[in-house]
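Okay, so here's the structure we're looking at.
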Amino acid sequence: MPGKEISLAVIQRLPRYYRYLGELLENDVVRISSKELSERMNVTASQIRQDLNNFGGFGQQGYGYNVEYLYTEIGKILGLDKRYSLIIIGAGNLGQALANYTDFERRGFYLKGIFDVNPRLEGISIRGVEIQLMDNLADFVKKNKVHIAALTIPKMKAPQTAKEITDMGIKAIWNFAPVDLNLPSDVIVENVHLAESLMRISYTLKDLEASRDSDGN
């Protein structure tokens, strides 16, 4: 809602709501209560109601939520009713895997360009988008509206590349490089540090195994 500050925790839960509601739609579920949704998402019914009340509520007492309506409205809140152009910088294994992910278009994200420094990759087509050399990037950005750049490049190259593309006018970066980027406050950065995710799994797994060992003793 305009002028209302929404907590980061609520924003981070919205894509989960959207995903679960999408699954309900695929299964032809017409309506659902906050209690039923909470059981699927492992979030309390009270938390769900509080989260959605930040944006107007959407539910009806005694009825619950209309799944299609709520799915559509959360999509609008997330900006998924708009179209965004995406480029990938770094056409290695991870970059090519992202380029092959067909679900982006369903969410309104359209892959427009793939760039790399390796001349052996130039001209290779991934889902109809040819890999170009980085020398072409500035001209491409000048001629095309680019909303988001995904960085799938080595750690040492990421900070300078991020600075260069923000200087070109790109204001959102999806960063897969294992490094924090020091960029102006008006640039959106979403970090996806894969190794850190594995470390969190490792920590939880270590505790789980220690608990099992303790129970066994």
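Simple scheme: letters A, B, ... for chains in structure tokens order, numbers from 1 for residues in each chain, numbers from 1 for ligands in the order shown.
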
### Message
Just want the 12 Å neighbourhood of A:Asn66, counted on only C-alpha atoms, with same-chain residues fewer than 4 positions away dropped. Output as an MDAnalysis selection string.
### Response
chainID A and resid 21 24:25 28:34 37 57:62 70:73

Write out as a count of residues only which residues come within 9 Å of A:Asn182 when counting only C-alpha atoms, dropping same-chain ones fewer than 3 positions away. 3

re atom CA of A:Tyr203 and atom CA of A:Ile48: distance 28.4 Å

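Closest approach to A:Asn93 among A:Ile153, A:Ile165, A:Val67, A:Leu205 is made by A:Ile153 (distances from only C-alpha atoms).
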
Running DSSP on the backbone, which parts of stretch 8-154 of chain A land in helix (DSSP H, G or I), as a PDB file with C-alpha atoms, in the first residue's frame?
ATOM      1  CA  LEU A   8      11.372  -7.366   4.923  1.00  0.00           C
ATOM      2  CA  ALA A   9      10.090 -10.567   6.545  1.00  0.00           C
ATOM      3  CA  VAL A  10       6.624 -10.015   5.042  1.00  0.00           C
ATOM      4  CA  ILE A  11       8.084  -9.257   1.609  1.00  0.00           C
ATOM      5  CA  GLN A  12      10.176 -12.416   1.763  1.00  0.00           C
ATOM      6  CA  ARG A  13       7.067 -14.493   2.476  1.00  0.00           C
ATOM      7  CA  LEU A  14       5.049 -13.100  -0.434  1.00  0.00           C
ATOM      8  CA  PRO A  15       6.735 -15.244  -3.130  1.00  0.00           C
ATOM      9  CA  ARG A  16       5.956 -18.334  -1.027  1.00  0.00           C
ATOM     10  CA  TYR A  17       2.300 -17.353  -0.854  1.00  0.00           C
ATOM     11  CA  TYR A  18       2.315 -16.817  -4.590  1.00  0.00           C
ATOM     12  CA  ARG A  19       3.912 -20.210  -5.254  1.00  0.00           C
ATOM     13  CA  TYR A  20       1.537 -22.129  -2.985  1.00  0.00           C
ATOM     14  CA  LEU A  21      -1.511 -20.347  -4.375  1.00  0.00           C
ATOM     15  CA  GLY A  22      -0.313 -21.177  -7.878  1.00  0.00           C
ATOM     16  CA  GLU A  23      -0.149 -24.840  -6.925  1.00  0.00           C
ATOM     17  CA  LEU A  24      -3.679 -24.630  -5.513  1.00  0.00           C
ATOM     18  CA  LEU A  25      -4.912 -23.127  -8.772  1.00  0.00           C
ATOM     19  CA  GLU A  26      -3.298 -25.936 -10.738  1.00  0.00           C
ATOM     20  CA  SER A  34      -5.981 -19.081   6.456  1.00  0.00           C
ATOM     21  CA  LYS A  35      -5.892 -22.232   8.620  1.00  0.00           C
ATOM     22  CA  GLU A  36      -5.700 -24.525   5.589  1.00  0.00           C
ATOM     23  CA  LEU A  37      -3.069 -22.325   3.973  1.00  0.00           C
ATOM     24  CA  SER A  38      -1.073 -22.260   7.198  1.00  0.00           C
ATOM     25  CA  GLU A  39      -0.975 -26.065   7.286  1.00  0.00           C
ATOM     26  CA  ARG A  40       0.470 -26.151   3.779  1.00  0.00           C
ATOM     27  CA  MET A  41       3.020 -23.393   4.350  1.00  0.00           C
ATOM     28  CA  ALA A  45      -2.914 -18.638  10.341  1.00  0.00           C
ATOM     29  CA  SER A  46      -2.517 -15.498  12.422  1.00  0.00           C
ATOM     30  CA  GLN A  47       0.731 -14.652  10.631  1.00  0.00           C
ATOM     31  CA  ILE A  48      -0.903 -15.120   7.241  1.00  0.00           C
ATOM     32  CA  ARG A  49      -3.755 -12.795   8.162  1.00  0.00           C
ATOM     33  CA  GLN A  50      -1.338 -10.201   9.527  1.00  0.00           C
ATOM     34  CA  ASP A  51       0.799 -10.385   6.389  1.00  0.00           C
ATOM     35  CA  LEU A  52      -2.132  -9.984   4.016  1.00  0.00           C
ATOM     36  CA  ASN A  53      -3.696  -7.226   6.107  1.00  0.00           C
ATOM     37  CA  VAL A  67      -7.494 -18.546  -4.494  1.00  0.00           C
ATOM     38  CA  GLU A  68      -7.459 -17.059  -7.998  1.00  0.00           C
ATOM     39  CA  TYR A  69      -8.150 -13.530  -6.756  1.00  0.00           C
ATOM     40  CA  LEU A  70      -5.514 -13.711  -4.019  1.00  0.00           C
ATOM     41  CA  TYR A  71      -2.978 -15.200  -6.440  1.00  0.00           C
ATOM     42  CA  THR A  72      -3.611 -12.362  -8.900  1.00  0.00           C
ATOM     43  CA  GLU A  73      -3.433  -9.647  -6.242  1.00  0.00           C
ATOM     44  CA  ILE A  74      -0.181 -10.945  -4.731  1.00  0.00           C
ATOM     45  CA  GLY A  75       1.223 -11.111  -8.243  1.00  0.00           C
ATOM     46  CA  LYS A  76       0.384  -7.421  -8.661  1.00  0.00           C
ATOM     47  CA  ILE A  77       1.982  -6.596  -5.290  1.00  0.00           C
ATOM     48  CA  ASN A  93      27.482 -23.641 -16.468  1.00  0.00           C
ATOM     49  CA  LEU A  94      25.410 -21.569 -14.041  1.00  0.00           C
ATOM     50  CA  GLY A  95      24.675 -18.832 -16.551  1.00  0.00           C
ATOM     51  CA  GLN A  96      23.563 -21.358 -19.161  1.00  0.00           C
ATOM     52  CA  ALA A  97      21.414 -23.165 -16.602  1.00  0.00           C
ATOM     53  CA  LEU A  98      19.646 -19.880 -15.785  1.00  0.00           C
ATOM     54  CA  ALA A  99      19.185 -19.134 -19.468  1.00  0.00           C
ATOM     55  CA  ASP A 103       9.680 -20.483 -15.965  1.00  0.00           C
ATOM     56  CA  PHE A 104      11.038 -16.926 -16.111  1.00  0.00           C
ATOM     57  CA  GLU A 105       8.660 -15.926 -18.880  1.00  0.00           C
ATOM     58  CA  ARG A 106       5.655 -17.163 -16.892  1.00  0.00           C
ATOM     59  CA  PRO A 119      35.192 -15.873 -27.675  1.00  0.00           C
ATOM     60  CA  ARG A 120      34.564 -19.620 -28.039  1.00  0.00           C
ATOM     61  CA  LEU A 121      31.063 -19.115 -26.663  1.00  0.00           C
ATOM     62  CA  MET A 134      31.193  -8.351 -23.281  1.00  0.00           C
ATOM     63  CA  ASP A 135      32.512  -5.783 -25.778  1.00  0.00           C
ATOM     64  CA  ASN A 136      28.940  -5.538 -27.097  1.00  0.00           C
ATOM     65  CA  LEU A 137      27.303  -4.983 -23.701  1.00  0.00           C
ATOM     66  CA  ALA A 138      27.397  -1.187 -23.500  1.00  0.00           C
ATOM     67  CA  ASP A 139      25.913  -0.793 -26.972  1.00  0.00           C
ATOM     68  CA  PHE A 140      23.260  -3.431 -26.238  1.00  0.00           C
ATOM     69  CA  VAL A 141      22.170  -1.684 -23.033  1.00  0.00           C
ATOM     70  CA  LYS A 142      22.060   1.646 -24.848  1.00  0.00           C
ATOM     71  CA  LYS A 143      19.743   0.226 -27.517  1.00  0.00           C
TER      72      LYS A 143
END

ask   = Which one is closest to A:Arg83: A:Val187, A:Arg107, A:Glu164, A:Arg200? Count only C-alpha atoms.
value =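 Once distances to A:Arg83 are computed over only C-alpha atoms, the minimum belongs to A:Arg107.
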
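Atom pair atom CA of A:Ala150 / atom CA of A:Ser7: separated by 25.1 Å.
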
Counting only C-alpha atoms, closest pick from A:Met168, A:Leu183, A:Ile89, A:Ile188 relative to A:Pro154 is A:Ile89

DSSP-assigned strand (DSSP E) among chain A, expressed as an mmCIF file with all heavy atoms, in the first residue's frame:
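Printed below is part.cif as written:
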data_model
loop_
_atom_site.group_PDB
_atom_site.id
_atom_site.type_symbol
_atom_site.label_atom_id
_atom_site.label_comp_id
_atom_site.auth_asym_id
_atom_site.auth_seq_id
_atom_site.Cartn_x
_atom_site.Cartn_y
_atom_site.Cartn_z
ATOM 1 N N ARG A 31 -11.250 -21.961 -3.174
ATOM 2 C CA ARG A 31 -11.096 -21.122 -1.992
ATOM 3 C C ARG A 31 -10.334 -21.873 -0.918
ATOM 4 O O ARG A 31 -10.292 -23.104 -0.907
ATOM 5 C CB ARG A 31 -12.449 -20.672 -1.459
ATOM 6 C CG ARG A 31 -13.303 -21.781 -0.873
ATOM 7 C CD ARG A 31 -14.566 -21.213 -0.247
ATOM 8 N NE ARG A 31 -15.393 -22.261 0.354
ATOM 9 C CZ ARG A 31 -16.458 -22.027 1.092
ATOM 10 N NH1 ARG A 31 -16.823 -20.782 1.350
ATOM 11 N NH2 ARG A 31 -17.161 -23.024 1.608
ATOM 12 N N ILE A 32 -9.757 -21.088 -0.003
ATOM 13 C CA ILE A 32 -8.976 -21.703 1.065
ATOM 14 C C ILE A 32 -9.009 -20.785 2.282
ATOM 15 O O ILE A 32 -9.047 -19.552 2.149
ATOM 16 C CB ILE A 32 -7.520 -21.962 0.615
ATOM 17 C CG1 ILE A 32 -6.778 -22.855 1.628
ATOM 18 C CG2 ILE A 32 -6.765 -20.646 0.388
ATOM 19 C CD1 ILE A 32 -5.469 -23.401 1.103
ATOM 20 N N TYR A 65 -10.315 -17.229 1.551
ATOM 21 C CA TYR A 65 -9.738 -16.496 0.433
ATOM 22 C C TYR A 65 -10.112 -17.160 -0.886
ATOM 23 O O TYR A 65 -10.043 -18.384 -1.014
ATOM 24 C CB TYR A 65 -8.207 -16.458 0.547
ATOM 25 C CG TYR A 65 -7.696 -15.795 1.802
ATOM 26 C CD1 TYR A 65 -7.254 -16.569 2.878
ATOM 27 C CD2 TYR A 65 -7.654 -14.408 1.905
ATOM 28 C CE1 TYR A 65 -6.789 -15.958 4.030
ATOM 29 C CE2 TYR A 65 -7.188 -13.795 3.062
ATOM 30 C CZ TYR A 65 -6.753 -14.576 4.123
ATOM 31 O OH TYR A 65 -6.301 -13.977 5.255
ATOM 32 N N ASN A 66 -10.482 -16.333 -1.852
ATOM 33 C CA ASN A 66 -10.643 -16.823 -3.208
ATOM 34 C C ASN A 66 -9.237 -16.995 -3.785
ATOM 35 O O ASN A 66 -8.473 -16.024 -3.883
ATOM 36 C CB ASN A 66 -11.449 -15.831 -4.044
ATOM 37 C CG ASN A 66 -11.625 -16.295 -5.474
ATOM 38 O OD1 ASN A 66 -10.678 -16.254 -6.263
ATOM 39 N ND2 ASN A 66 -12.819 -16.749 -5.802
ATOM 40 N N TYR A 84 9.593 -7.559 -17.459
ATOM 41 C CA TYR A 84 10.953 -7.115 -17.178
ATOM 42 C C TYR A 84 11.930 -7.807 -18.130
ATOM 43 O O TYR A 84 11.815 -9.009 -18.384
ATOM 44 C CB TYR A 84 11.343 -7.444 -15.740
ATOM 45 C CG TYR A 84 10.474 -6.783 -14.699
ATOM 46 C CD1 TYR A 84 9.432 -7.472 -14.095
ATOM 47 C CD2 TYR A 84 10.695 -5.460 -14.329
ATOM 48 C CE1 TYR A 84 8.619 -6.859 -13.148
ATOM 49 C CE2 TYR A 84 9.891 -4.841 -13.383
ATOM 50 C CZ TYR A 84 8.862 -5.550 -12.787
ATOM 51 O OH TYR A 84 8.059 -4.937 -11.860
ATOM 52 N N SER A 85 12.872 -7.042 -18.626
ATOM 53 C CA SER A 85 13.910 -7.623 -19.479
ATOM 54 C C SER A 85 15.131 -7.958 -18.633
ATOM 55 O O SER A 85 15.544 -7.189 -17.762
ATOM 56 C CB SER A 85 14.281 -6.667 -20.608
ATOM 57 O OG SER A 85 14.746 -5.433 -20.086
ATOM 58 N N LEU A 86 15.700 -9.114 -18.916
ATOM 59 C CA LEU A 86 16.788 -9.672 -18.115
ATOM 60 C C LEU A 86 17.960 -10.015 -19.021
ATOM 61 O O LEU A 86 17.768 -10.543 -20.122
ATOM 62 C CB LEU A 86 16.280 -10.937 -17.411
ATOM 63 C CG LEU A 86 17.286 -11.868 -16.738
ATOM 64 C CD1 LEU A 86 17.822 -11.230 -15.462
ATOM 65 C CD2 LEU A 86 16.635 -13.210 -16.413
ATOM 66 N N ILE A 87 19.161 -9.702 -18.569
ATOM 67 C CA ILE A 87 20.364 -10.184 -19.239
ATOM 68 C C ILE A 87 21.178 -11.005 -18.256
ATOM 69 O O ILE A 87 21.065 -10.829 -17.033
ATOM 70 C CB ILE A 87 21.218 -9.044 -19.820
ATOM 71 C CG1 ILE A 87 21.749 -8.122 -18.710
ATOM 72 C CG2 ILE A 87 20.447 -8.263 -20.879
ATOM 73 C CD1 ILE A 87 22.788 -7.112 -19.187
ATOM 74 N N ILE A 88 21.976 -11.901 -18.791
ATOM 75 C CA ILE A 88 22.868 -12.722 -17.977
ATOM 76 C C ILE A 88 24.298 -12.407 -18.371
ATOM 77 O O ILE A 88 24.647 -12.431 -19.559
ATOM 78 C CB ILE A 88 22.580 -14.223 -18.176
ATOM 79 C CG1 ILE A 88 21.170 -14.563 -17.669
ATOM 80 C CG2 ILE A 88 23.620 -15.088 -17.468
ATOM 81 C CD1 ILE A 88 20.727 -15.979 -17.989
ATOM 82 N N ILE A 89 25.103 -12.098 -17.387
ATOM 83 C CA ILE A 89 26.517 -11.830 -17.622
ATOM 84 C C ILE A 89 27.313 -12.984 -17.028
ATOM 85 O O ILE A 89 27.346 -13.171 -15.808
ATOM 86 C CB ILE A 89 26.947 -10.489 -17.013
ATOM 87 C CG1 ILE A 89 26.143 -9.353 -17.641
ATOM 88 C CG2 ILE A 89 28.443 -10.257 -17.207
ATOM 89 C CD1 ILE A 89 26.423 -7.986 -17.064
ATOM 90 N N PHE A 109 9.528 -12.253 -16.666
ATOM 91 C CA PHE A 109 10.944 -11.936 -16.854
ATOM 92 C C PHE A 109 11.408 -12.542 -18.179
ATOM 93 O O PHE A 109 11.373 -13.761 -18.367
ATOM 94 C CB PHE A 109 11.778 -12.496 -15.697
ATOM 95 C CG PHE A 109 11.360 -11.971 -14.349
ATOM 96 C CD1 PHE A 109 10.464 -12.684 -13.565
ATOM 97 C CD2 PHE A 109 11.842 -10.762 -13.877
ATOM 98 C CE1 PHE A 109 10.059 -12.206 -12.326
ATOM 99 C CE2 PHE A 109 11.436 -10.275 -12.639
ATOM 100 C CZ PHE A 109 10.549 -10.996 -11.861
ATOM 101 N N TYR A 110 11.866 -11.681 -19.087
ATOM 102 C CA TYR A 110 12.202 -12.121 -20.441
ATOM 103 C C TYR A 110 13.704 -11.965 -20.692
ATOM 104 O O TYR A 110 14.250 -10.865 -20.580
ATOM 105 C CB TYR A 110 11.393 -11.332 -21.462
ATOM 106 C CG TYR A 110 9.923 -11.669 -21.398
ATOM 107 C CD1 TYR A 110 9.085 -11.043 -20.469
ATOM 108 C CD2 TYR A 110 9.370 -12.653 -22.204
ATOM 109 C CE1 TYR A 110 7.741 -11.371 -20.377
ATOM 110 C CE2 TYR A 110 8.024 -12.987 -22.115
ATOM 111 C CZ TYR A 110 7.216 -12.339 -21.209
ATOM 112 O OH TYR A 110 5.888 -12.677 -21.103
ATOM 113 N N LEU A 111 14.333 -13.077 -21.010
ATOM 114 C CA LEU A 111 15.769 -13.074 -21.280
ATOM 115 C C LEU A 111 16.028 -12.410 -22.624
ATOM 116 O O LEU A 111 15.540 -12.868 -23.655
ATOM 117 C CB LEU A 111 16.304 -14.503 -21.271
ATOM 118 C CG LEU A 111 17.807 -14.663 -21.552
ATOM 119 C CD1 LEU A 111 18.626 -13.975 -20.465
ATOM 120 C CD2 LEU A 111 18.170 -16.139 -21.653
ATOM 121 N N LYS A 112 16.833 -11.338 -22.603
ATOM 122 C CA LYS A 112 17.095 -10.574 -23.818
ATOM 123 C C LYS A 112 18.537 -10.684 -24.303
ATOM 124 O O LYS A 112 18.813 -10.432 -25.473
ATOM 125 C CB LYS A 112 16.759 -9.091 -23.586
ATOM 126 C CG LYS A 112 15.284 -8.835 -23.281
ATOM 127 C CD LYS A 112 14.406 -9.245 -24.450
ATOM 128 C CE LYS A 112 12.947 -8.897 -24.185
ATOM 129 N NZ LYS A 112 12.079 -9.299 -25.302
ATOM 130 N N GLY A 113 19.448 -11.028 -23.392
ATOM 131 C CA GLY A 113 20.847 -11.087 -23.804
ATOM 132 C C GLY A 113 21.688 -11.912 -22.852
ATOM 133 O O GLY A 113 21.392 -12.004 -21.659
ATOM 134 N N ILE A 114 22.732 -12.533 -23.398
ATOM 135 C CA ILE A 114 23.690 -13.308 -22.607
ATOM 136 C C ILE A 114 25.089 -12.855 -23.042
ATOM 137 O O ILE A 114 25.375 -12.772 -24.250
ATOM 138 C CB ILE A 114 23.550 -14.828 -22.852
ATOM 139 C CG1 ILE A 114 22.091 -15.259 -22.705
ATOM 140 C CG2 ILE A 114 24.445 -15.618 -21.893
ATOM 141 C CD1 ILE A 114 21.831 -16.692 -23.187
ATOM 142 N N PHE A 115 25.945 -12.589 -22.069
ATOM 143 C CA PHE A 115 27.256 -12.023 -22.387
ATOM 144 C C PHE A 115 28.373 -12.779 -21.669
ATOM 145 O O PHE A 115 28.195 -13.246 -20.536
ATOM 146 C CB PHE A 115 27.303 -10.538 -22.001
ATOM 147 C CG PHE A 115 26.309 -9.703 -22.761
ATOM 148 C CD1 PHE A 115 24.997 -9.582 -22.309
ATOM 149 C CD2 PHE A 115 26.674 -9.064 -23.933
ATOM 150 C CE1 PHE A 115 24.069 -8.831 -23.017
ATOM 151 C CE2 PHE A 115 25.746 -8.313 -24.642
ATOM 152 C CZ PHE A 115 24.450 -8.196 -24.186
ATOM 153 N N ASP A 116 29.522 -12.880 -22.329
ATOM 154 C CA ASP A 116 30.666 -13.556 -21.745
ATOM 155 C C ASP A 116 31.940 -13.008 -22.393
ATOM 156 O O ASP A 116 31.887 -12.384 -23.455
ATOM 157 C CB ASP A 116 30.570 -15.077 -21.960
ATOM 158 C CG ASP A 116 31.413 -15.862 -20.967
ATOM 159 O OD1 ASP A 116 32.629 -15.979 -21.184
ATOM 160 O OD2 ASP A 116 30.849 -16.335 -19.962
ATOM 161 N N SER A 125 23.602 -20.324 -29.246
ATOM 162 C CA SER A 125 22.239 -19.899 -28.964
ATOM 163 C C SER A 125 21.621 -20.740 -27.842
ATOM 164 O O SER A 125 21.710 -21.968 -27.864
ATOM 165 C CB SER A 125 21.384 -20.009 -30.226
ATOM 166 O OG SER A 125 20.059 -19.600 -29.976
ATOM 167 N N ILE A 126 21.032 -20.065 -26.880
ATOM 168 C CA ILE A 126 20.313 -20.734 -25.793
ATOM 169 C C ILE A 126 18.869 -20.237 -25.822
ATOM 170 O O ILE A 126 18.602 -19.064 -25.589
ATOM 171 C CB ILE A 126 20.945 -20.436 -24.428
ATOM 172 C CG1 ILE A 126 22.421 -20.866 -24.413
ATOM 173 C CG2 ILE A 126 20.175 -21.158 -23.314
ATOM 174 C CD1 ILE A 126 23.146 -20.535 -23.130
ATOM 175 N N VAL A 129 18.448 -17.115 -27.832
ATOM 176 C CA VAL A 129 19.240 -15.937 -27.474
ATOM 177 C C VAL A 129 20.721 -16.277 -27.641
ATOM 178 O O VAL A 129 21.228 -17.190 -26.993
ATOM 179 C CB VAL A 129 18.967 -15.497 -26.019
ATOM 180 C CG1 VAL A 129 19.802 -14.271 -25.659
ATOM 181 C CG2 VAL A 129 17.483 -15.201 -25.827
ATOM 182 N N GLU A 130 21.403 -15.541 -28.503
ATOM 183 C CA GLU A 130 22.814 -15.820 -28.777
ATOM 184 C C GLU A 130 23.717 -15.185 -27.734
ATOM 185 O O GLU A 130 23.483 -14.061 -27.285
ATOM 186 C CB GLU A 130 23.195 -15.311 -30.167
ATOM 187 C CG GLU A 130 22.602 -16.123 -31.304
ATOM 188 C CD GLU A 130 23.216 -15.749 -32.643
ATOM 189 O OE1 GLU A 130 24.059 -14.826 -32.688
ATOM 190 O OE2 GLU A 130 22.857 -16.391 -33.650
ATOM 191 N N ILE A 131 24.756 -15.923 -27.368
ATOM 192 C CA ILE A 131 25.773 -15.391 -26.454
ATOM 193 C C ILE A 131 26.618 -14.371 -27.211
ATOM 194 O O ILE A 131 27.089 -14.621 -28.317
ATOM 195 C CB ILE A 131 26.659 -16.521 -25.905
ATOM 196 C CG1 ILE A 131 25.814 -17.512 -25.094
ATOM 197 C CG2 ILE A 131 27.790 -15.947 -25.049
ATOM 198 C CD1 ILE A 131 26.575 -18.743 -24.653
ATOM 199 N N GLN A 132 26.778 -13.199 -26.591
ATOM 200 C CA GLN A 132 27.591 -12.141 -27.172
ATOM 201 C C GLN A 132 28.812 -11.882 -26.287
ATOM 202 O O GLN A 132 28.821 -12.216 -25.100
ATOM 203 C CB GLN A 132 26.784 -10.842 -27.281
ATOM 204 C CG GLN A 132 25.503 -10.956 -28.082
ATOM 205 C CD GLN A 132 24.775 -9.638 -28.136
ATOM 206 O OE1 GLN A 132 25.336 -8.595 -28.504
ATOM 207 N NE2 GLN A 132 23.497 -9.656 -27.740
ATOM 208 N N LEU A 133 29.818 -11.247 -26.872
ATOM 209 C CA LEU A 133 30.994 -10.876 -26.098
ATOM 210 C C LEU A 133 30.704 -9.616 -25.279
ATOM 211 O O LEU A 133 29.864 -8.789 -25.646
ATOM 212 C CB LEU A 133 32.185 -10.640 -27.023
ATOM 213 C CG LEU A 133 32.709 -11.881 -27.750
ATOM 214 C CD1 LEU A 133 33.893 -11.510 -28.629
ATOM 215 C CD2 LEU A 133 33.105 -12.969 -26.756
ATOM 216 N N ILE A 148 17.094 -5.868 -15.407
ATOM 217 C CA ILE A 148 17.813 -6.709 -14.444
ATOM 218 C C ILE A 148 19.013 -7.369 -15.119
ATOM 219 O O ILE A 148 18.907 -7.867 -16.245
ATOM 220 C CB ILE A 148 16.897 -7.825 -13.885
ATOM 221 C CG1 ILE A 148 15.616 -7.228 -13.291
ATOM 222 C CG2 ILE A 148 17.623 -8.665 -12.838
ATOM 223 C CD1 ILE A 148 14.533 -8.254 -13.026
ATOM 224 N N ALA A 149 20.135 -7.398 -14.422
ATOM 225 C CA ALA A 149 21.315 -8.134 -14.876
ATOM 226 C C ALA A 149 21.643 -9.210 -13.863
ATOM 227 O O ALA A 149 21.784 -8.925 -12.673
ATOM 228 C CB ALA A 149 22.509 -7.199 -15.057
ATOM 229 N N ALA A 150 21.729 -10.446 -14.321
ATOM 230 C CA ALA A 150 22.154 -11.555 -13.458
ATOM 231 C C ALA A 150 23.653 -11.735 -13.623
ATOM 232 O O ALA A 150 24.145 -11.884 -14.746
ATOM 233 C CB ALA A 150 21.420 -12.836 -13.843
ATOM 234 N N LEU A 151 24.377 -11.712 -12.516
ATOM 235 C CA LEU A 151 25.832 -11.896 -12.547
ATOM 236 C C LEU A 151 26.175 -13.323 -12.161
ATOM 237 O O LEU A 151 25.973 -13.735 -11.012
ATOM 238 C CB LEU A 151 26.520 -10.925 -11.587
ATOM 239 C CG LEU A 151 26.406 -9.431 -11.871
ATOM 240 C CD1 LEU A 151 27.289 -8.655 -10.900
ATOM 241 C CD2 LEU A 151 26.784 -9.107 -13.306
ATOM 242 N N ALA A 172 19.016 -2.979 -11.263
ATOM 243 C CA ALA A 172 18.722 -4.177 -10.470
ATOM 244 C C ALA A 172 19.699 -5.278 -10.849
ATOM 245 O O ALA A 172 19.869 -5.588 -12.036
ATOM 246 C CB ALA A 172 17.286 -4.639 -10.690
ATOM 247 N N ILE A 173 20.325 -5.866 -9.840
ATOM 248 C CA ILE A 173 21.330 -6.907 -10.067
ATOM 249 C C ILE A 173 20.963 -8.149 -9.273
ATOM 250 O O ILE A 173 20.700 -8.091 -8.066
ATOM 251 C CB ILE A 173 22.741 -6.423 -9.662
ATOM 252 C CG1 ILE A 173 23.161 -5.253 -10.565
ATOM 253 C CG2 ILE A 173 23.753 -7.556 -9.752
ATOM 254 C CD1 ILE A 173 24.507 -4.667 -10.209
ATOM 255 N N TRP A 174 20.943 -9.255 -9.954
ATOM 256 C CA TRP A 174 20.730 -10.578 -9.351
ATOM 257 C C TRP A 174 22.104 -11.214 -9.261
ATOM 258 O O TRP A 174 22.637 -11.716 -10.240
ATOM 259 C CB TRP A 174 19.787 -11.377 -10.246
ATOM 260 C CG TRP A 174 19.159 -12.572 -9.617
ATOM 261 C CD1 TRP A 174 19.085 -12.879 -8.293
ATOM 262 C CD2 TRP A 174 18.497 -13.631 -10.309
ATOM 263 N NE1 TRP A 174 18.417 -14.057 -8.106
ATOM 264 C CE2 TRP A 174 18.047 -14.535 -9.329
ATOM 265 C CE3 TRP A 174 18.239 -13.889 -11.658
ATOM 266 C CZ2 TRP A 174 17.359 -15.701 -9.666
ATOM 267 C CZ3 TRP A 174 17.558 -15.039 -11.985
ATOM 268 C CH2 TRP A 174 17.117 -15.935 -10.995
ATOM 269 N N ASN A 175 22.690 -11.181 -8.089
ATOM 270 C CA ASN A 175 24.108 -11.497 -7.923
ATOM 271 C C ASN A 175 24.336 -12.920 -7.430
ATOM 272 O O ASN A 175 24.009 -13.247 -6.290
ATOM 273 C CB ASN A 175 24.737 -10.494 -6.949
ATOM 274 C CG ASN A 175 26.194 -10.801 -6.678
ATOM 275 O OD1 ASN A 175 26.925 -11.195 -7.581
ATOM 276 N ND2 ASN A 175 26.622 -10.625 -5.445
ATOM 277 N N ILE A 188 19.195 -1.926 -6.794
ATOM 278 C CA ILE A 188 18.659 -3.098 -6.094
ATOM 279 C C ILE A 188 19.600 -4.271 -6.306
ATOM 280 O O ILE A 188 19.944 -4.599 -7.444
ATOM 281 C CB ILE A 188 17.260 -3.450 -6.633
ATOM 282 C CG1 ILE A 188 16.300 -2.265 -6.460
ATOM 283 C CG2 ILE A 188 16.711 -4.699 -5.952
ATOM 284 C CD1 ILE A 188 15.048 -2.379 -7.297
ATOM 285 N N VAL A 189 20.006 -4.907 -5.215
ATOM 286 C CA VAL A 189 20.880 -6.087 -5.309
ATOM 287 C C VAL A 189 20.231 -7.238 -4.557
ATOM 288 O O VAL A 189 19.912 -7.120 -3.374
ATOM 289 C CB VAL A 189 22.283 -5.814 -4.730
ATOM 290 C CG1 VAL A 189 23.145 -7.074 -4.825
ATOM 291 C CG2 VAL A 189 22.956 -4.666 -5.459
ATOM 292 N N GLU A 190 20.021 -8.335 -5.240
ATOM 293 C CA GLU A 190 19.532 -9.567 -4.619
ATOM 294 C C GLU A 190 20.651 -10.591 -4.707
ATOM 295 O O GLU A 190 21.026 -11.035 -5.795
ATOM 296 C CB GLU A 190 18.278 -10.070 -5.334
ATOM 297 C CG GLU A 190 17.735 -11.383 -4.800
ATOM 298 C CD GLU A 190 17.123 -11.262 -3.409
ATOM 299 O OE1 GLU A 190 16.759 -10.134 -3.005
ATOM 300 O OE2 GLU A 190 17.013 -12.300 -2.722
ATOM 301 N N ASN A 191 21.221 -10.944 -3.553
ATOM 302 C CA ASN A 191 22.330 -11.894 -3.523
ATOM 303 C C ASN A 191 21.822 -13.325 -3.413
ATOM 304 O O ASN A 191 20.938 -13.628 -2.604
ATOM 305 C CB ASN A 191 23.247 -11.604 -2.330
ATOM 306 C CG ASN A 191 23.964 -10.274 -2.479
ATOM 307 O OD1 ASN A 191 24.631 -10.015 -3.476
ATOM 308 N ND2 ASN A 191 23.827 -9.418 -1.480
#
